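Visitor: Provided below: coords.pdb, containing PDB, C-alpha atoms, pLDDT in the B column.
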ATOM      1  CA  MET H   1    -292.636   5.793 -79.404  1.00 67.00           C
ATOM      2  CA  PRO H   2    -296.217   4.949 -80.348  1.00 73.00           C
ATOM      3  CA  GLU H   3    -297.180   1.371 -79.807  1.00 78.00           C
ATOM      4  CA  TRP H   4    -298.281   0.737 -83.382  1.00 77.00           C
ATOM      5  CA  LEU H   5    -294.612   1.012 -84.469  1.00 76.00           C
ATOM      6  CA  ASN H   6    -293.665  -2.084 -82.509  1.00 82.00           C
ATOM      7  CA  ILE H   7    -294.207  -4.346 -85.472  1.00 82.00           C
ATOM      8  CA  PRO H   8    -293.237  -2.304 -88.569  1.00 82.00           C
ATOM      9  CA  ILE H   9    -289.869  -1.161 -87.177  1.00 84.00           C
ATOM     10  CA  PRO H  10    -288.395  -4.624 -86.619  1.00 83.00           C
ATOM     11  CA  ILE H  11    -289.735  -5.676 -90.014  1.00 87.00           C
ATOM     12  CA  ALA H  12    -288.247  -2.655 -91.735  1.00 87.00           C
ATOM     13  CA  THR H  13    -284.935  -3.214 -89.942  1.00 87.00           C
ATOM     14  CA  PHE H  14    -284.872  -6.816 -91.030  1.00 85.00           C
ATOM     15  CA  VAL H  15    -285.672  -5.972 -94.649  1.00 86.00           C
ATOM     16  CA  LEU H  16    -283.113  -3.169 -94.715  1.00 86.00           C
ATOM     17  CA  GLY H  17    -280.442  -5.397 -93.177  1.00 85.00           C
ATOM     18  CA  PHE H  18    -281.166  -8.080 -95.709  1.00 83.00           C
ATOM     19  CA  PHE H  19    -280.740  -5.743 -98.655  1.00 82.00           C
ATOM     20  CA  ILE H  20    -277.671  -4.018 -97.267  1.00 82.00           C
ATOM     21  CA  SER H  21    -275.910  -7.362 -96.822  1.00 79.00           C
ATOM     22  CA  ARG H  22    -276.930  -8.337-100.348  1.00 77.00           C
ATOM     23  CA  PHE H  23    -275.581  -5.202-101.972  1.00 77.00           C
ATOM     24  CA  THR H  24    -272.474  -4.409 -99.995  1.00 81.00           C
ATOM     25  CA  LEU H  25    -269.308  -6.447 -99.782  1.00 83.00           C
ATOM     26  CA  THR H  26    -267.669  -7.795 -96.675  1.00 85.00           C
ATOM     27  CA  LYS H  27    -263.972  -7.114 -96.137  1.00 86.00           C
ATOM     28  CA  GLU H  28    -263.066 -10.611 -97.353  1.00 87.00           C
ATOM     29  CA  GLN H  29    -265.219 -10.312-100.463  1.00 87.00           C
ATOM     30  CA  LYS H  30    -263.613  -6.982-101.258  1.00 86.00           C
ATOM     31  CA  ALA H  31    -260.104  -8.379-100.836  1.00 87.00           C
ATOM     32  CA  LYS H  32    -261.004 -11.332-103.058  1.00 89.00           C
ATOM     33  CA  LEU H  33    -262.382  -8.999-105.715  1.00 89.00           C
ATOM     34  CA  GLU H  34    -259.221  -6.885-105.640  1.00 88.00           C
ATOM     35  CA  GLN H  35    -257.148 -10.041-106.053  1.00 89.00           C
ATOM     36  CA  ASP H  36    -259.263 -11.064-109.023  1.00 91.00           C
ATOM     37  CA  TYR H  37    -258.820  -7.661-110.648  1.00 92.00           C
ATOM     38  CA  PHE H  38    -255.093  -7.826-110.082  1.00 90.00           C
ATOM     39  CA  LYS H  39    -254.884 -11.310-111.579  1.00 91.00           C
ATOM     40  CA  ASN H  40    -257.052 -10.259-114.491  1.00 92.00           C
ATOM     41  CA  SER H  41    -254.774  -7.265-115.097  1.00 92.00           C
ATOM     42  CA  GLN H  42    -251.686  -9.471-115.099  1.00 90.00           C
ATOM     43  CA  GLU H  43    -253.213 -11.905-117.568  1.00 94.00           C
ATOM     44  CA  LEU H  44    -254.255  -9.104-119.898  1.00 95.00           C
ATOM     45  CA  LYS H  45    -250.826  -7.569-119.611  1.00 91.00           C
ATOM     46  CA  ASP H  46    -248.973 -10.817-120.372  1.00 92.00           C
ATOM     47  CA  LYS H  47    -251.154 -11.482-123.382  1.00 95.00           C
ATOM     48  CA  HIS H  48    -250.745  -7.933-124.618  1.00 96.00           C
ATOM     49  CA  GLU H  49    -246.975  -8.140-124.208  1.00 91.00           C
ATOM     50  CA  ARG H  50    -246.821 -11.215-126.436  1.00 94.00           C
ATOM     51  CA  ILE H  51    -248.904  -9.495-129.118  1.00 97.00           C
ATOM     52  CA  PHE H  52    -246.770  -6.357-128.853  1.00 95.00           C
ATOM     53  CA  ARG H  53    -243.664  -8.479-129.407  1.00 91.00           C
ATOM     54  CA  GLU H  54    -245.194 -10.135-132.490  1.00 95.00           C
ATOM     55  CA  TYR H  55    -245.922  -6.714-133.940  1.00 96.00           C
ATOM     56  CA  THR H  56    -242.420  -5.365-133.288  1.00 93.00           C
ATOM     57  CA  ASP H  57    -240.907  -8.637-134.595  1.00 93.00           C
ATOM     58  CA  ALA H  58    -242.889  -8.238-137.815  1.00 95.00           C
ATOM     59  CA  MET H  59    -241.628  -4.671-138.262  1.00 94.00           C
ATOM     60  CA  ALA H  60    -238.051  -5.690-137.496  1.00 91.00           C
ATOM     61  CA  ALA H  61    -238.332  -8.565-140.004  1.00 93.00           C
ATOM     62  CA  TYR H  62    -239.490  -6.097-142.648  1.00 92.00           C
ATOM     63  CA  VAL H  63    -236.587  -3.764-141.965  1.00 91.00           C
ATOM     64  CA  LYS H  64    -234.139  -6.666-142.292  1.00 90.00           C
ATOM     65  CA  SER H  65    -235.845  -8.380-145.246  1.00 90.00           C
ATOM     66  CA  THR H  66    -234.167  -8.856-148.616  1.00 88.00           C
ATOM     67  CA  ASP H  67    -235.814  -7.576-151.797  1.00 83.00           C
ATOM     68  CA  ASP H  68    -237.561 -10.818-152.741  1.00 82.00           C
ATOM     69  CA  GLN H  69    -239.155 -11.179-149.275  1.00 83.00           C
ATOM     70  CA  THR H  70    -240.308  -7.612-148.855  1.00 85.00           C
ATOM     71  CA  ILE H  71    -243.927  -7.915-149.975  1.00 85.00           C
ATOM     72  CA  ASP H  72    -244.703 -10.988-147.823  1.00 86.00           C
ATOM     73  CA  VAL H  73    -243.122  -9.412-144.808  1.00 89.00           C
ATOM     74  CA  PHE H  74    -245.070  -6.214-145.434  1.00 90.00           C
ATOM     75  CA  THR H  75    -248.324  -8.181-145.142  1.00 90.00           C
ATOM     76  CA  SER H  76    -247.249  -9.602-141.811  1.00 93.00           C
ATOM     77  CA  ILE H  77    -246.843  -6.069-140.398  1.00 94.00           C
ATOM     78  CA  ALA H  78    -250.405  -5.277-141.392  1.00 93.00           C
ATOM     79  CA  VAL H  79    -251.708  -8.438-139.715  1.00 94.00           C
ATOM     80  CA  ALA H  80    -249.602  -8.109-136.554  1.00 96.00           C
ATOM     81  CA  GLY H  81    -250.573  -4.443-136.317  1.00 96.00           C
ATOM     82  CA  ASP H  82    -254.270  -5.272-136.457  1.00 95.00           C
ATOM     83  CA  ARG H  83    -253.755  -7.753-133.654  1.00 97.00           C
ATOM     84  CA  TYR H  84    -251.783  -5.248-131.618  1.00 97.00           C
ATOM     85  CA  PHE H  85    -254.357  -2.464-131.886  1.00 97.00           C
ATOM     86  CA  GLY H  86    -257.099  -5.034-131.253  1.00 97.00           C
ATOM     87  CA  SER H  87    -255.316  -5.957-128.026  1.00 97.00           C
ATOM     88  CA  ILE H  88    -255.057  -2.267-127.086  1.00 97.00           C
ATOM     89  CA  ASN H  89    -258.808  -2.032-127.593  1.00 97.00           C
ATOM     90  CA  ASN H  90    -259.284  -5.045-125.276  1.00 97.00           C
ATOM     91  CA  LEU H  91    -257.255  -3.304-122.595  1.00 97.00           C
ATOM     92  CA  ALA H  92    -259.406  -0.218-123.101  1.00 97.00           C
ATOM     93  CA  GLU H  93    -262.605  -2.242-122.703  1.00 97.00           C
ATOM     94  CA  ALA H  94    -261.253  -3.726-119.475  1.00 96.00           C
ATOM     95  CA  VAL H  95    -260.371  -0.245-118.182  1.00 96.00           C
ATOM     96  CA  LEU H  96    -263.802   1.170-119.065  1.00 96.00           C
ATOM     97  CA  SER H  97    -265.624  -1.722-117.392  1.00 95.00           C
ATOM     98  CA  LYS H  98    -263.356  -1.271-114.316  1.00 93.00           C
ATOM     99  CA  LYS H  99    -262.448  -4.949-114.265  1.00 91.00           C
ATOM    100  CA  VAL H 100    -258.772  -4.214-113.690  1.00 93.00           C
ATOM    101  CA  ASP H 101    -256.638  -3.107-110.781  1.00 90.00           C
ATOM    102  CA  SER H 102    -256.959   0.683-110.621  1.00 88.00           C
ATOM    103  CA  GLN H 103    -253.261   1.237-109.978  1.00 84.00           C
ATOM    104  CA  ILE H 104    -252.236  -0.832-113.002  1.00 86.00           C
ATOM    105  CA  ALA H 105    -254.907   0.861-115.106  1.00 90.00           C
ATOM    106  CA  LYS H 106    -253.622   4.301-114.160  1.00 85.00           C
ATOM    107  CA  GLY H 107    -249.934   3.478-114.224  1.00 78.00           C
ATOM    108  CA  SER H 108    -249.713   1.357-117.315  1.00 83.00           C
ATOM    109  CA  PHE H 109    -252.869   0.553-119.298  1.00 92.00           C
ATOM    110  CA  ILE H 110    -254.192   4.089-119.702  1.00 92.00           C
ATOM    111  CA  PRO H 111    -250.898   5.716-120.801  1.00 87.00           C
ATOM    112  CA  THR H 112    -250.306   2.832-123.226  1.00 91.00           C
ATOM    113  CA  ILE H 113    -253.807   3.037-124.680  1.00 94.00           C
ATOM    114  CA  CYS H 114    -253.666   6.833-125.028  1.00 93.00           C
ATOM    115  CA  ARG H 115    -250.362   6.820-126.858  1.00 90.00           C
ATOM    116  CA  ALA H 116    -251.447   3.925-129.083  1.00 94.00           C
ATOM    117  CA  ALA H 117    -254.719   5.620-130.083  1.00 95.00           C
ATOM    118  CA  ASN H 118    -253.233   9.083-130.437  1.00 93.00           C
ATOM    119  CA  GLU H 119    -249.877   8.356-132.048  1.00 92.00           C
ATOM    120  CA  SER H 120    -249.101   4.765-133.033  1.00 95.00           C
ATOM    121  CA  LEU H 121    -252.425   3.903-134.663  1.00 95.00           C
ATOM    122  CA  PRO H 122    -252.532   6.768-137.181  1.00 94.00           C
ATOM    123  CA  LYS H 123    -248.825   6.375-137.840  1.00 95.00           C
ATOM    124  CA  HIS H 124    -249.228   2.646-138.444  1.00 96.00           C
ATOM    125  CA  PHE H 125    -251.731   3.138-141.264  1.00 95.00           C
ATOM    126  CA  GLU H 126    -249.922   6.135-142.703  1.00 94.00           C
ATOM    127  CA  THR H 127    -246.661   4.185-142.857  1.00 94.00           C
ATOM    128  CA  LEU H 128    -248.246   1.076-144.362  1.00 94.00           C
ATOM    129  CA  ARG H 129    -249.892   3.136-147.106  1.00 94.00           C
ATOM    130  CA  GLU H 130    -246.611   4.859-147.856  1.00 92.00           C
ATOM    131  CA  ILE H 131    -244.685   1.573-148.042  1.00 91.00           C
ATOM    132  CA  ALA H 132    -247.403  -0.054-150.175  1.00 92.00           C
ATOM    133  CA  ASP H 133    -247.203   2.852-152.635  1.00 91.00           C
ATOM    134  CA  LYS H 134    -243.451   2.495-152.809  1.00 89.00           C
ATOM    135  CA  LEU H 135    -243.682  -1.251-153.378  1.00 88.00           C
ATOM    136  CA  GLY H 136    -246.479  -0.776-155.898  1.00 90.00           C
ATOM    137  CA  ILE H 137    -248.919  -3.060-154.108  1.00 89.00           C
ATOM    138  CA  ALA H 138    -252.575  -2.477-153.399  1.00 88.00           C
ATOM    139  CA  TYR H 139    -253.233  -1.830-149.726  1.00 88.00           C
ATOM    140  CA  SER H 140    -256.641  -0.689-148.600  1.00 85.00           C
ATOM    141  CA  GLY H 141    -256.091  -0.564-144.843  1.00 85.00           C
ATOM    142  CA  GLU H 142    -257.614   2.477-143.269  1.00 87.00           C
ATOM    143  CA  LEU H 143    -258.097   3.671-139.735  1.00 89.00           C
ATOM    144  CA  ASP H 144    -261.662   2.951-138.731  1.00 90.00           C
ATOM    145  CA  ARG H 145    -262.437   4.586-135.397  1.00 91.00           C
ATOM    146  CA  ALA H 146    -265.421   2.297-134.860  1.00 92.00           C
ATOM    147  CA  GLU H 147    -263.065  -0.673-134.627  1.00 94.00           C
ATOM    148  CA  HIS H 148    -261.122   1.071-131.872  1.00 95.00           C
ATOM    149  CA  GLN H 149    -264.050   2.620-130.059  1.00 96.00           C
ATOM    150  CA  ALA H 150    -262.932   1.685-126.553  1.00 96.00           C
ATOM    151  CA  SER H 151    -259.381   2.943-127.177  1.00 96.00           C
ATOM    152  CA  PHE H 152    -260.638   6.337-128.314  1.00 95.00           C
ATOM    153  CA  ALA H 153    -263.114   6.461-125.431  1.00 95.00           C
ATOM    154  CA  VAL H 154    -260.201   5.972-123.009  1.00 95.00           C
ATOM    155  CA  LEU H 155    -258.192   8.632-124.826  1.00 94.00           C
ATOM    156  CA  GLU H 156    -261.066  11.100-124.564  1.00 93.00           C
ATOM    157  CA  LYS H 157    -261.797  10.286-120.947  1.00 92.00           C
ATOM    158  CA  PHE H 158    -258.267  10.084-119.569  1.00 90.00           C
ATOM    159  CA  GLY H 159    -256.050  11.576-122.285  1.00 85.00           C
ATOM    160  CA  GLU H 160    -255.547  14.847-120.523  1.00 75.00           C
ATOM    161  CA  THR H 161    -254.677  13.348-117.141  1.00 67.00           C
ATOM    162  CA  ALA H 162    -252.431  10.783-118.819  1.00 63.00           C
ATOM    163  CA  GLY H 163    -250.496  13.706-120.258  1.00 57.00           C
ATOM    164  CA  GLU H 164    -251.144  13.272-123.967  1.00 56.00           C
ATOM    165  CA  PRO H 165    -249.707  14.285-126.402  1.00 49.00           C
ATOM    166  CA  GLY H 166    -247.216  11.529-125.956  1.00 40.00           C
ATOM    167  CA  SER H 167    -243.849  13.220-125.727  1.00 32.00           C
ATOM    168  CA  LYS H 168    -244.911  14.926-122.520  1.00 36.00           C
ATOM    169  CA  LEU H 169    -246.330  11.724-121.057  1.00 38.00           C
ATOM    170  CA  ALA H 170    -243.139  10.526-119.410  1.00 34.00           C
ATOM    171  CA  GLU H 171    -242.495  13.783-117.543  1.00 37.00           C
ATOM    172  CA  ARG H 172    -246.064  14.097-116.329  1.00 36.00           C
ATOM    173  CA  MET H 173    -246.117  10.575-114.952  1.00 37.00           C
ATOM    174  CA  ASN H 174    -243.446  11.516-112.392  1.00 32.00           C
TER
ATOM    175  CA  MET L   1    -227.452   4.266-103.163  1.00 38.00           C
ATOM    176  CA  ALA L   2    -225.145   2.689-105.734  1.00 36.00           C
ATOM    177  CA  SER L   3    -223.516   4.585-108.574  1.00 36.00           C
ATOM    178  CA  ARG L   4    -225.049   4.539-112.023  1.00 37.00           C
ATOM    179  CA  SER L   5    -222.340   2.391-113.547  1.00 36.00           C
ATOM    180  CA  ASP L   6    -223.065  -0.786-111.603  1.00 46.00           C
ATOM    181  CA  MET L   7    -226.433  -2.469-111.606  1.00 59.00           C
ATOM    182  CA  SER L   8    -227.524  -2.268-108.006  1.00 75.00           C
ATOM    183  CA  ILE L   9    -230.668  -3.812-106.600  1.00 82.00           C
ATOM    184  CA  TYR L  10    -232.219  -0.335-106.964  1.00 85.00           C
ATOM    185  CA  ASP L  11    -231.446  -0.155-110.682  1.00 77.00           C
ATOM    186  CA  ARG L  12    -232.697  -3.663-111.236  1.00 76.00           C
ATOM    187  CA  LEU L  13    -235.954  -2.987-109.414  1.00 85.00           C
ATOM    188  CA  ARG L  14    -236.426   0.230-111.375  1.00 83.00           C
ATOM    189  CA  ILE L  15    -236.076  -1.663-114.660  1.00 75.00           C
ATOM    190  CA  LYS L  16    -238.033  -4.752-113.605  1.00 78.00           C
ATOM    191  CA  TYR L  17    -241.041  -2.757-112.426  1.00 85.00           C
ATOM    192  CA  GLY L  18    -240.774   0.099-114.919  1.00 81.00           C
ATOM    193  CA  LEU L  19    -240.381   2.728-112.190  1.00 85.00           C
ATOM    194  CA  ALA L  20    -239.799   6.382-112.920  1.00 80.00           C
ATOM    195  CA  GLU L  21    -236.866   6.541-110.484  1.00 85.00           C
ATOM    196  CA  ASN L  22    -234.842   4.156-108.371  1.00 88.00           C
ATOM    197  CA  PRO L  23    -236.690   3.150-105.209  1.00 93.00           C
ATOM    198  CA  THR L  24    -235.267   4.374-101.914  1.00 94.00           C
ATOM    199  CA  PRO L  25    -233.772   1.940 -99.370  1.00 94.00           C
ATOM    200  CA  ALA L  26    -236.804   2.545 -97.125  1.00 95.00           C
ATOM    201  CA  GLU L  27    -239.163   1.618 -99.962  1.00 95.00           C
ATOM    202  CA  VAL L  28    -237.153  -1.519-100.682  1.00 95.00           C
ATOM    203  CA  ASP L  29    -237.346  -2.473 -96.991  1.00 95.00           C
ATOM    204  CA  ARG L  30    -241.135  -2.079 -97.011  1.00 96.00           C
ATOM    205  CA  TRP L  31    -241.313  -4.029-100.277  1.00 96.00           C
ATOM    206  CA  LEU L  32    -239.262  -6.895 -98.819  1.00 95.00           C
ATOM    207  CA  ARG L  33    -241.424  -7.018 -95.695  1.00 96.00           C
ATOM    208  CA  GLU L  34    -244.651  -7.122 -97.707  1.00 95.00           C
ATOM    209  CA  ILE L  35    -243.697 -10.006-100.013  1.00 94.00           C
ATOM    210  CA  PRO L  36    -244.090 -12.825 -97.436  1.00 95.00           C
ATOM    211  CA  LEU L  37    -247.424 -11.304 -96.347  1.00 95.00           C
ATOM    212  CA  ASN L  38    -248.710 -11.529 -99.917  1.00 94.00           C
ATOM    213  CA  GLN L  39    -247.342 -15.054-100.240  1.00 94.00           C
ATOM    214  CA  SER L  40    -249.269 -16.033 -97.136  1.00 95.00           C
ATOM    215  CA  LYS L  41    -252.423 -14.833 -98.910  1.00 93.00           C
ATOM    216  CA  GLY L  42    -251.760 -17.441-101.572  1.00 92.00           C
ATOM    217  CA  PHE L  43    -249.823 -15.552-104.232  1.00 90.00           C
ATOM    218  CA  GLY L  44    -246.740 -17.097-105.835  1.00 88.00           C
ATOM    219  CA  ALA L  45    -243.357 -15.448-105.267  1.00 87.00           C
ATOM    220  CA  GLU L  46    -243.382 -13.396-108.471  1.00 84.00           C
ATOM    221  CA  ALA L  47    -246.949 -12.141-108.039  1.00 89.00           C
ATOM    222  CA  ALA L  48    -246.373 -11.440-104.339  1.00 92.00           C
ATOM    223  CA  ALA L  49    -243.330  -9.308-105.202  1.00 93.00           C
ATOM    224  CA  ARG L  50    -245.202  -7.502-107.965  1.00 91.00           C
ATOM    225  CA  ILE L  51    -248.140  -6.618-105.734  1.00 92.00           C
ATOM    226  CA  ALA L  52    -245.763  -5.360-103.056  1.00 94.00           C
ATOM    227  CA  ALA L  53    -243.952  -3.320-105.717  1.00 94.00           C
ATOM    228  CA  ALA L  54    -247.216  -1.770-106.898  1.00 92.00           C
ATOM    229  CA  GLY L  55    -247.967  -0.625-103.366  1.00 93.00           C
ATOM    230  CA  ASN L  56    -244.535   0.589-102.315  1.00 94.00           C
ATOM    231  CA  PHE L  57    -242.698   2.000-105.338  1.00 93.00           C
ATOM    232  CA  ARG L  58    -243.469   5.310-106.980  1.00 90.00           C
ATOM    233  CA  GLY L  59    -244.343   5.306-110.676  1.00 85.00           C
ATOM    234  CA  PHE L  60    -244.934   1.546-110.819  1.00 85.00           C
ATOM    235  CA  GLU L  61    -244.929   0.299-114.431  1.00 77.00           C
ATOM    236  CA  THR L  62    -244.956   3.727-115.972  1.00 74.00           C
ATOM    237  CA  ARG L  63    -241.713   3.415-117.896  1.00 68.00           C
ATOM    238  CA  VAL L  64    -241.936   0.081-119.664  1.00 54.00           C
ATOM    239  CA  TYR L  65    -245.354   0.873-120.971  1.00 44.00           C
ATOM    240  CA  ALA L  66    -244.644   4.439-121.927  1.00 48.00           C
ATOM    241  CA  ALA L  67    -241.863   2.978-124.069  1.00 65.00           C
ATOM    242  CA  GLU L  68    -244.185   0.740-126.086  1.00 85.00           C
ATOM    243  CA  ALA L  69    -245.269   3.600-128.361  1.00 87.00           C
ATOM    244  CA  ASP L  70    -241.665   4.779-128.753  1.00 84.00           C
ATOM    245  CA  THR L  71    -240.566   1.318-129.917  1.00 85.00           C
ATOM    246  CA  ILE L  72    -243.423   1.144-132.420  1.00 91.00           C
ATOM    247  CA  GLN L  73    -242.727   4.584-133.806  1.00 89.00           C
ATOM    248  CA  SER L  74    -239.029   4.011-134.252  1.00 87.00           C
ATOM    249  CA  LEU L  75    -239.678   0.684-135.990  1.00 89.00           C
ATOM    250  CA  LEU L  76    -242.290   2.266-138.261  1.00 93.00           C
ATOM    251  CA  ASP L  77    -239.773   4.983-139.132  1.00 91.00           C
ATOM    252  CA  ALA L  78    -237.134   2.359-139.880  1.00 91.00           C
ATOM    253  CA  ALA L  79    -239.595   0.485-142.116  1.00 91.00           C
ATOM    254  CA  ARG L  80    -240.568   3.677-143.904  1.00 90.00           C
ATOM    255  CA  ASN L  81    -236.950   4.614-144.576  1.00 89.00           C
ATOM    256  CA  LYS L  82    -235.916   1.174-145.746  1.00 84.00           C
TER
END
I'd like the structure from this file rewritten - as structure tokens, please.

Guide:
Amino acid sequence: MPEWLNIPIPIATFVLGFFISRFTLTKEQKAKLEQDYFKNSQELKDKHERIFREYTDAMAAYVKSTDDQTIDVFTSIAVAGDRYFGSINNLAEAVLSKKVDSQIAKGSFIPTICRAANESLPKHFETLREIADKLGIAYSGELDRAEHQASFAVLEKFGETAGEPGSKLAERMN
Amino acid sequence: MASRSDMSIYDRLRIKYGLAENPTPAEVDRWLREIPLNQSKGFGAEAAARIAAAGNFRGFETRVYAAEADTIQSLLDAARNK
């Protein structure tokens, strides 16, 4: 080794070591990050479950409503539905930014998002329009893909591996 | 493994964690052994069990969530046909 390398090599090694330690994670840091993602996934999931229940409760209330309540209860489906599909879009954003546990994303978030974007969302608006017509009330709700951008991005990216269209989803997940 | 008519630990785990199939006794053993390890890392009992389930059971949380769209669609149909 030529003598003039005696100084640059240790310097380069030091600089390289410094940057590698800055940009890679130790085992503990990695474990901590995985824990955070898992916790984050659970929180998202719990919140989403509550919103899902509100939406299904609103639909069930409509089905059971008496004639004089029908129109009010109809409005609550529209509102709860917006919240539900908004929550689906949140899950999709979390999946796309990879801030969730990959196993939970694959096993539960992605299939849920794909089916919501592909099946439930169009059906939600279609049904509301139909009911509004029947009740003779003005309803201008329309599916705006821009509002559900992340959900559709997940559907496009993972839809095929998640086994969409929906009816085949369950078998393919096995 | 228990028969279908009584709710065994296997059935209950399948439902609780939304598994595609009942877990095998070997998987349940591994799950049980992993829970205290997760607790020692600072997770509460429920979270420790859930993490162990995610790692040891096949098809973790595929069923409950796949059913979300089915519930919505059947309720929308019921509302439409009211």

Visitor: Taking all atoms listed in the file into account, what are the residues of chain H at most 6 Å from chain L, put as a VMD selection string?

Guide: chain H and resid 63 107 to 108 112

Visitor: CA of Ser76 in chain H and CA of Asp57 in chain H, how far apart in Å?

Guide: 9.7 Å

Visitor: Mind working out the centre and edge lengths of an axis-aligned box for range 143-152 of chain H, all listed atoms inside, 3 Å added to each side, rounded to one decimal in Å and written as JSON?

Guide:
{"center_x": -261.8, "center_y": 2.8, "center_z": -133.1, "size_x": 13.3, "size_y": 13.0, "size_z": 19.2}

Visitor: Run the PyMOL selection byres ((chain H and resi 143) around 7) mentally over the shown coordinates, then write out the matched residues as a PyMOL selection string, using the chain letters and numbers from the document.

Guide: chain H and resi 122+125+141-142+144-145

Visitor: Just write the chosen residues, C-alpha atoms, as a PDB file, in the frame of the given file.

Guide:
ATOM      1  CA  PRO H 122    -252.532   6.768-137.181  1.00 94.00           C
ATOM      2  CA  PHE H 125    -251.731   3.138-141.264  1.00 95.00           C
ATOM      3  CA  GLY H 141    -256.091  -0.564-144.843  1.00 85.00           C
ATOM      4  CA  GLU H 142    -257.614   2.477-143.269  1.00 87.00           C
ATOM      5  CA  ASP H 144    -261.662   2.951-138.731  1.00 90.00           C
ATOM      6  CA  ARG H 145    -262.437   4.586-135.397  1.00 91.00           C
TER       7      ARG H 145
END

Visitor: Just the number, please: distance in Å from CA of Ser140 in chain H to CA of Asn89 in chain H, one decimal.

Guide: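 CA of Asn89 in chain H lies at a distance of 21.2 Å from CA of Ser140 in chain H.
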
Visitor: Any idea what the distance is between CA of Asp29 in chain L and CA of Gly44 in chain L?

Guide: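 Result for CA of Asp29 in chain L versus CA of Gly44 in chain L: 19.5 Å, one decimal.
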